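So the structure is just underneath, and the comments pick up after that.
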Amino acid sequence: MSKKIIIAKSTRQINNLLNICDGFIIGIKDLSVNLPCYFTMEEAKKIITLCLENEKEIFVSLNRNMHNDQLSELTTILKELSNLQITGLIFYDIAIINLNQELGLNLKLIWNQEHLATNYCTINYWHKKGVYASYLSSELTIDEIFFIRKKTSCLLMMNVFGFIPMFTSKRPLVKNYLDKFSLNDKSKINYLEKEGNIYPIISEDVTTVYSSKILNLLMEFFNLSKVGIDYFVFNSFNINEDVFKEIIELFNESNGLTDNCLFERVNMLLNYNIDTGFLYKDTVYKVKKNGQKG
């Protein structure tokens, strides 16, 4: 049975959503990216304990591209997490696979290299290397998702709701821009307007640009559940907490069934700023000839 996993913005929000989901994804400060908040290891331990006490699954995302000077801290964190009964560890950097093996840890690893998890061959490769689950790219069409599900026995995780990270830079691009032009802006979230679309940007030590629309796969929820997607991820980033909670309750109410009334209620709550991402957008490759589009 498919499970609903939430990326929350705070410990308070986690407490508020405990009874309406199956689990949570949290990040660790300095070792995670593309999440609405990051926790110290001590804070994370309390959240993990809370989830275990309430029989909820808990995933820790260490999805940063690690540098050599982070390996010592990363090793320490991995050792601590291996003793905390977390459901799984979401990773980007392949070093984590090697460290998990070299250190003899028992962590269940979830491969999440953002835009690279697009085919069953690579998923099966990492599955044979001991990866527990794969986090599908948000650039896949629905037919590609169905095809991958048929071709792999690996557990699959995917985004079904929320703003989706599109681009990440290790540089604080907005801060650099503000400093360059001596601009004073302490906003936590900045916005880029382009071609009528507005993109949220988080720029602290790294920069993440999010989709302009909110992914809403309520109408596809039943079919995705039926084909056996194991984990559905709901991202609370930049969404009012009361609205977010109501939307999770609407997904629960749908029970996987296609329901136009519930779909309309979700859209109204989000001021119709929604879409289905790339689910129905086939990839088209255009060949260039002599520098011109063919």
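By convention in this document, the chains of the structure tokens carry letters A, B, ... by their order, each chain's residues are numbered from 1, and ligands are numbered from 1 in the order they are shown.
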
Checklist entry - Which neighbours of stretch 22-37 of chain A fall inside 8 Å, counting only C-alpha atoms, when residues of the same chain fewer than 3 positions from it are skipped, and could you give them as an NGL selection string? => result :A and (3-10 or 14 or 18 or 40-41 or 44 or 51 or 56-64 or 66 or 74 or 165 or 168 or 206 or 208 or 236-238)

So that I have them on file, write out the residues from the current selection with N, CA, C and O atoms, as a short mmCIF file (atom, residue, chain, number, x, y, z; two decimals), in the first residue's frame.
```
data_model
loop_
_atom_site.label_atom_id
_atom_site.label_comp_id
_atom_site.auth_asym_id
_atom_site.auth_seq_id
_atom_site.Cartn_x
_atom_site.Cartn_y
_atom_site.Cartn_z
N LYS A 3 2.31 4.96 0.64
CA LYS A 3 2.35 5.75 1.88
C LYS A 3 2.59 7.22 1.57
O LYS A 3 3.30 7.56 0.62
N LYS A 4 2.00 8.08 2.39
CA LYS A 4 2.13 9.52 2.23
C LYS A 4 3.21 10.04 3.18
O LYS A 4 3.11 9.89 4.40
N ILE A 5 4.24 10.66 2.59
CA ILE A 5 5.38 11.16 3.35
C ILE A 5 5.46 12.67 3.18
O ILE A 5 5.35 13.18 2.06
N ILE A 6 5.68 13.38 4.27
CA ILE A 6 5.63 14.84 4.25
C ILE A 6 7.01 15.46 4.52
O ILE A 6 7.74 15.01 5.41
N ILE A 7 7.33 16.47 3.73
CA ILE A 7 8.49 17.32 4.02
C ILE A 7 7.94 18.54 4.75
O ILE A 7 7.28 19.39 4.15
N ALA A 8 8.18 18.60 6.05
CA ALA A 8 7.59 19.65 6.89
C ALA A 8 8.56 20.82 7.09
O ALA A 8 9.75 20.72 6.82
N LYS A 9 8.01 21.94 7.60
CA LYS A 9 8.79 23.16 7.78
C LYS A 9 9.30 23.35 9.20
O LYS A 9 10.11 24.24 9.44
N SER A 10 8.82 22.53 10.14
CA SER A 10 9.22 22.72 11.53
C SER A 10 8.79 21.52 12.36
O SER A 10 7.96 20.71 11.93
N ILE A 14 5.35 19.11 12.20
CA ILE A 14 5.39 17.64 12.27
C ILE A 14 4.40 17.14 13.32
O ILE A 14 3.61 16.21 13.07
N LEU A 18 1.05 14.61 12.48
CA LEU A 18 1.35 13.21 12.83
C LEU A 18 0.20 12.25 12.53
O LEU A 18 0.43 11.11 12.11
N THR A 40 19.53 20.44 13.52
CA THR A 40 20.77 19.94 14.09
C THR A 40 20.58 18.46 14.37
O THR A 40 19.45 17.95 14.38
N MET A 41 21.65 17.76 14.64
CA MET A 41 21.54 16.33 14.92
C MET A 41 20.75 16.09 16.19
O MET A 41 19.96 15.12 16.28
N ALA A 44 17.16 16.50 15.32
CA ALA A 44 16.74 15.37 14.49
C ALA A 44 16.47 14.13 15.34
O ALA A 44 15.50 13.39 15.10
N CYS A 51 8.64 10.27 15.94
CA CYS A 51 8.04 9.48 14.86
C CYS A 51 7.96 7.99 15.23
O CYS A 51 6.94 7.34 14.99
N LYS A 56 5.42 6.15 13.01
CA LYS A 56 5.54 6.81 11.72
C LYS A 56 6.91 6.52 11.11
O LYS A 56 7.89 6.34 11.83
N GLU A 57 6.96 6.47 9.80
CA GLU A 57 8.24 6.28 9.13
C GLU A 57 8.98 7.62 9.11
O GLU A 57 8.37 8.68 9.06
N ILE A 58 10.30 7.54 9.19
CA ILE A 58 11.10 8.76 9.22
C ILE A 58 12.33 8.59 8.32
O ILE A 58 13.12 7.64 8.50
N PHE A 59 12.45 9.47 7.35
CA PHE A 59 13.57 9.46 6.42
C PHE A 59 14.44 10.69 6.67
O PHE A 59 13.93 11.78 6.89
N VAL A 60 15.74 10.50 6.61
CA VAL A 60 16.69 11.61 6.74
C VAL A 60 17.32 11.83 5.37
O VAL A 60 17.82 10.88 4.75
N SER A 61 17.28 13.07 4.89
CA SER A 61 17.83 13.39 3.58
C SER A 61 19.19 14.07 3.74
O SER A 61 19.29 15.19 4.24
N LEU A 62 20.24 13.35 3.34
CA LEU A 62 21.59 13.93 3.26
C LEU A 62 21.90 14.04 1.77
O LEU A 62 22.74 13.32 1.23
N ASN A 63 21.20 14.94 1.10
CA ASN A 63 21.21 14.99 -0.37
C ASN A 63 22.10 16.09 -0.93
O ASN A 63 21.88 16.57 -2.04
N ARG A 64 23.08 16.46 -0.16
CA ARG A 64 24.03 17.48 -0.64
C ARG A 64 25.17 16.80 -1.40
O ARG A 64 25.51 15.64 -1.13
N MET A 66 28.66 16.24 -1.44
CA MET A 66 29.62 16.39 -0.35
C MET A 66 31.01 16.76 -0.84
O MET A 66 31.46 16.30 -1.89
N LEU A 74 30.24 13.97 7.93
CA LEU A 74 29.31 13.03 7.31
C LEU A 74 29.45 11.64 7.92
O LEU A 74 28.45 10.98 8.23
N PRO A 165 11.88 21.58 -6.55
CA PRO A 165 13.18 22.16 -6.86
C PRO A 165 13.55 21.94 -8.33
O PRO A 165 13.46 20.82 -8.83
N THR A 168 19.72 23.92 -8.51
CA THR A 168 20.47 24.21 -7.28
C THR A 168 21.90 24.60 -7.63
O THR A 168 22.53 23.97 -8.47
N VAL A 206 23.53 27.93 -0.17
CA VAL A 206 23.33 27.46 -1.54
C VAL A 206 22.07 28.12 -2.07
O VAL A 206 21.30 28.73 -1.33
N THR A 208 18.51 27.59 -4.37
CA THR A 208 17.56 26.67 -5.00
C THR A 208 16.44 27.47 -5.63
O THR A 208 15.83 28.32 -4.99
N SER A 236 5.85 20.88 1.88
CA SER A 236 5.15 22.02 2.48
C SER A 236 5.80 23.36 2.18
O SER A 236 5.27 24.40 2.59
N PHE A 237 6.91 23.37 1.47
CA PHE A 237 7.65 24.62 1.21
C PHE A 237 6.74 25.70 0.62
O PHE A 237 6.03 25.48 -0.36
N ASN A 238 6.77 26.89 1.24
CA ASN A 238 6.11 28.09 0.72
C ASN A 238 4.58 27.95 0.63
O ASN A 238 3.95 28.65 -0.17
#
```

Checklist entry - Any idea what's packed within 7 Å of A:Trp111, counting only C-alpha atoms, ignoring anything in its chain fewer than 6 positions away? Could you give it as JSON, numbers by chain? => result {"A": [90, 91, 92, 131, 133, 134, 135]}

Checklist entry - Interatomic distance between atom CA of A:Leu217 and atom CA of A:Cys21? => result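 Interatomic distance here is 16.5 Å.
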
Next on the checklist: DSSP on the backbone, alpha helix (DSSP H) only: what residues of stretch 101-279 of chain A does that give? Format it as a ChimeraX atom specification.
Outcome noted: /A:101-102,120-128,142-151,173-180,221-227,241-254,260-269

Checklist entry - Which of these residues is nearest to A:Tyr120, using only C-alpha atoms: A:Leu89, A:Ile94, A:Cys154, A:Glu193? => result A:Cys154

Would you mind listing what lies within 10 Å of stretch 175-186 of chain A as a compact mmCIF listing (two decimals) with N, CA and C atoms, in the first residue's frame, with only C-alpha atoms counted and same-chain residues fewer than 2 positions away left out?
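Written output follows (selection05.txt):
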```
# COMPACT_ATOMS: atom_id res chain seq x y z
N ARG A 171 26.48 28.16 -4.92
CA ARG A 171 26.78 29.56 -4.62
C ARG A 171 25.53 30.29 -4.11
N PRO A 172 25.68 31.24 -3.20
CA PRO A 172 24.54 32.06 -2.73
C PRO A 172 24.24 33.16 -3.74
N LEU A 173 23.59 32.84 -4.83
CA LEU A 173 23.46 33.74 -5.98
C LEU A 173 22.72 35.03 -5.65
N LYS A 188 13.55 35.93 3.33
CA LYS A 188 13.96 34.52 3.34
C LYS A 188 13.73 33.89 1.98
N ILE A 189 12.66 34.33 1.29
CA ILE A 189 12.34 33.83 -0.04
C ILE A 189 12.31 35.01 -1.00
N ASN A 190 13.04 34.91 -2.10
CA ASN A 190 12.98 35.90 -3.16
C ASN A 190 12.23 35.29 -4.35
N SER A 203 18.08 31.35 -1.14
CA SER A 203 19.51 31.54 -1.35
C SER A 203 20.17 31.88 -0.02
N GLU A 204 20.69 30.83 0.62
CA GLU A 204 21.43 31.02 1.87
C GLU A 204 22.88 30.66 1.57
N ASP A 205 23.35 29.52 2.02
CA ASP A 205 24.70 29.13 1.62
C ASP A 205 24.68 28.49 0.23
N VAL A 206 23.53 27.93 -0.17
CA VAL A 206 23.33 27.46 -1.54
C VAL A 206 22.07 28.12 -2.07
N THR A 207 21.84 28.01 -3.38
CA THR A 207 20.67 28.63 -4.00
C THR A 207 19.81 27.55 -4.64
```

Item to check | Contact residues around stretch 148-152 of chain A with only C-alpha atoms at 9 Å, ignoring same-chain residues under 5 positions, as a list in words | outcome: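 So the residues in contact are Thr118, Asn119, Tyr120, Cys121, Ile123, Asn124, His127, Asp143, Val227, Gly228 and Ile229 of chain A.
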
Which of stretch 105-172 of chain A end up as strand (DSSP E or B) when DSSP is run on this backbone - answer as a CSV table (one decimal) with all heavy atoms, in the first residue's frame?
```csv
chain,number,residue,atom,x,y,z
A,109,LEU,N,19.4,2.8,2.1
A,109,LEU,CA,19.7,4.0,1.3
A,109,LEU,C,18.7,4.2,0.2
A,109,LEU,O,18.2,3.2,-0.5
A,109,LEU,CB,21.1,3.8,0.6
A,109,LEU,CG,22.2,3.7,1.6
A,109,LEU,CD1,23.6,3.6,0.9
A,109,LEU,CD2,22.3,4.8,2.6
A,110,ILE,N,18.3,5.5,-0.1
A,110,ILE,CA,17.4,5.8,-1.1
A,110,ILE,C,18.1,6.8,-2.1
A,110,ILE,O,18.5,7.9,-1.7
A,110,ILE,CB,16.2,6.5,-0.5
A,110,ILE,CG1,15.4,5.6,0.4
A,110,ILE,CG2,15.2,7.0,-1.6
A,110,ILE,CD1,14.4,6.2,1.3
A,111,TRP,N,18.3,6.3,-3.3
A,111,TRP,CA,19.0,7.1,-4.3
A,111,TRP,C,18.1,8.2,-4.8
A,111,TRP,O,17.0,8.0,-5.3
A,111,TRP,CB,19.3,6.1,-5.5
A,111,TRP,CG,20.0,6.8,-6.6
A,111,TRP,CD1,21.1,7.6,-6.6
A,111,TRP,CD2,19.6,6.8,-8.0
A,111,TRP,NE1,21.5,8.0,-7.9
A,111,TRP,CE2,20.5,7.6,-8.7
A,111,TRP,CE3,18.6,6.2,-8.7
A,111,TRP,CZ2,20.5,7.7,-10.1
A,111,TRP,CZ3,18.5,6.4,-10.1
A,111,TRP,CH2,19.4,7.1,-10.8
A,133,ALA,N,15.7,2.0,-2.1
A,133,ALA,CA,14.6,2.6,-2.9
A,133,ALA,C,15.2,3.7,-3.8
A,133,ALA,O,16.3,4.2,-3.6
A,133,ALA,CB,13.6,3.2,-2.0
A,134,SER,N,14.4,4.1,-4.8
A,134,SER,CA,14.8,5.2,-5.7
A,134,SER,C,13.8,6.3,-5.7
A,134,SER,O,12.6,6.0,-5.7
A,134,SER,CB,15.1,4.7,-7.1
A,134,SER,OG,16.2,3.9,-7.2
A,135,TYR,N,14.2,7.5,-5.6
A,135,TYR,CA,13.4,8.7,-5.6
A,135,TYR,C,13.3,9.2,-7.1
A,135,TYR,O,14.3,9.7,-7.6
A,135,TYR,CB,14.0,9.8,-4.7
A,135,TYR,CG,13.1,10.9,-4.2
A,135,TYR,CD1,13.1,11.2,-2.9
A,135,TYR,CD2,12.2,11.5,-5.1
A,135,TYR,CE1,12.3,12.2,-2.4
A,135,TYR,CE2,11.4,12.6,-4.6
A,135,TYR,CZ,11.4,12.9,-3.3
A,135,TYR,OH,10.6,13.9,-2.8
A,155,LEU,N,11.9,-0.4,-4.5
A,155,LEU,CA,10.9,0.5,-4.0
A,155,LEU,C,11.0,1.9,-4.7
A,155,LEU,O,12.2,2.4,-4.9
A,155,LEU,CB,11.0,0.7,-2.5
A,155,LEU,CG,10.8,-0.6,-1.7
A,155,LEU,CD1,10.8,-0.2,-0.2
A,155,LEU,CD2,9.4,-1.2,-2.0
A,156,LEU,N,9.9,2.6,-4.9
A,156,LEU,CA,9.9,3.8,-5.6
A,156,LEU,C,9.3,4.9,-4.8
A,156,LEU,O,8.2,4.7,-4.2
A,156,LEU,CB,9.2,3.7,-7.0
A,156,LEU,CG,9.9,2.8,-8.0
A,156,LEU,CD1,9.1,2.7,-9.3
A,156,LEU,CD2,11.3,3.2,-8.3
A,157,MET,N,9.9,6.1,-4.8
A,157,MET,CA,9.4,7.3,-4.1
A,157,MET,C,9.2,8.4,-5.2
A,157,MET,O,10.1,8.5,-6.1
A,157,MET,CB,10.3,7.7,-3.0
A,157,MET,CG,10.0,8.9,-2.2
A,157,MET,SD,11.3,9.2,-0.9
A,157,MET,CE,10.8,8.0,0.3
A,158,MET,N,8.2,9.2,-5.1
A,158,MET,CA,8.0,10.3,-6.0
A,158,MET,C,7.3,11.5,-5.4
A,158,MET,O,6.5,11.3,-4.5
A,158,MET,CB,7.3,9.9,-7.3
A,158,MET,CG,5.9,9.4,-7.1
A,158,MET,SD,5.1,9.0,-8.7
A,158,MET,CE,4.8,10.7,-9.3
A,159,ASN,N,7.5,12.7,-6.0
A,159,ASN,CA,6.7,13.9,-5.6
A,159,ASN,C,5.3,13.9,-6.1
A,159,ASN,O,5.2,13.6,-7.3
A,159,ASN,CB,7.5,15.1,-6.0
A,159,ASN,CG,8.8,15.3,-5.4
A,159,ASN,OD1,9.0,15.1,-4.2
A,159,ASN,ND2,9.8,15.6,-6.2
A,160,VAL,N,4.3,14.2,-5.3
A,160,VAL,CA,3.0,14.3,-5.8
A,160,VAL,C,2.3,15.7,-5.5
A,160,VAL,O,1.3,16.0,-6.0
A,160,VAL,CB,2.1,13.2,-5.3
A,160,VAL,CG1,2.5,11.9,-5.9
A,160,VAL,CG2,2.0,13.2,-3.8
A,161,PHE,N,3.0,16.4,-4.6
A,161,PHE,CA,2.4,17.7,-4.3
A,161,PHE,C,3.5,18.7,-3.8
A,161,PHE,O,4.3,18.3,-3.0
A,161,PHE,CB,1.3,17.6,-3.2
A,161,PHE,CG,0.7,18.9,-2.8
A,161,PHE,CD1,-0.3,19.4,-3.6
A,161,PHE,CD2,1.2,19.6,-1.7
A,161,PHE,CE1,-0.8,20.7,-3.3
A,161,PHE,CE2,0.7,20.9,-1.4
A,161,PHE,CZ,-0.4,21.4,-2.2
A,162,GLY,N,3.3,20.0,-4.2
A,162,GLY,CA,4.2,21.0,-3.7
A,162,GLY,C,5.0,21.7,-4.7
A,162,GLY,O,5.1,21.3,-5.9
A,165,PRO,N,11.9,21.6,-6.6
A,165,PRO,CA,13.2,22.2,-6.9
A,165,PRO,C,13.5,21.9,-8.3
A,165,PRO,O,13.5,20.8,-8.8
A,165,PRO,CB,14.1,21.4,-5.9
A,165,PRO,CG,13.3,20.9,-4.8
A,165,PRO,CD,12.0,20.6,-5.5
A,166,MET,N,13.9,23.0,-9.0
A,166,MET,CA,14.3,22.9,-10.4
A,166,MET,C,15.8,23.0,-10.6
A,166,MET,O,16.3,22.4,-11.6
A,166,MET,CB,13.6,24.1,-11.2
A,166,MET,CG,12.1,24.0,-11.2
A,166,MET,SD,11.4,25.5,-12.0
A,166,MET,CE,12.3,25.6,-13.5
A,167,PHE,N,16.5,23.8,-9.8
A,167,PHE,CA,17.9,24.1,-10.0
A,167,PHE,C,18.5,24.5,-8.7
A,167,PHE,O,17.9,25.1,-7.9
A,167,PHE,CB,17.9,25.3,-11.0
A,167,PHE,CG,19.3,26.0,-11.0
A,167,PHE,CD1,20.3,25.5,-11.8
A,167,PHE,CD2,19.5,27.1,-10.2
A,167,PHE,CE1,21.5,26.2,-11.8
A,167,PHE,CE2,20.8,27.8,-10.2
A,167,PHE,CZ,21.8,27.3,-11.0
A,168,THR,N,19.7,23.9,-8.5
A,168,THR,CA,20.5,24.2,-7.3
A,168,THR,C,21.9,24.6,-7.6
A,168,THR,O,22.5,24.0,-8.5
A,168,THR,CB,20.5,23.0,-6.3
A,168,THR,OG1,19.2,22.6,-6.0
A,168,THR,CG2,21.3,23.3,-5.1
A,169,SER,N,22.4,25.7,-7.0
A,169,SER,CA,23.8,26.1,-7.1
A,169,SER,C,24.4,26.1,-5.8
A,169,SER,O,23.8,26.4,-4.8
A,169,SER,CB,23.8,27.5,-7.8
A,169,SER,OG,25.2,28.0,-7.7
```

Checklist entry - Please, what distance in Å, to one decimal, runs between atom CA of A:Gln113 and atom CA of A:Ile198? => result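 Pair atom CA of A:Gln113 / atom CA of A:Ile198 returns 25.2 Å.
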
Checklist entry - For the atom pair atom CA of A:Val287 and atom CA of A:Asn112, what is the interatomic distance in Å to one decimal place? => result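 Atom CA of A:Asn112 lies 29.6 Å from atom CA of A:Val287.
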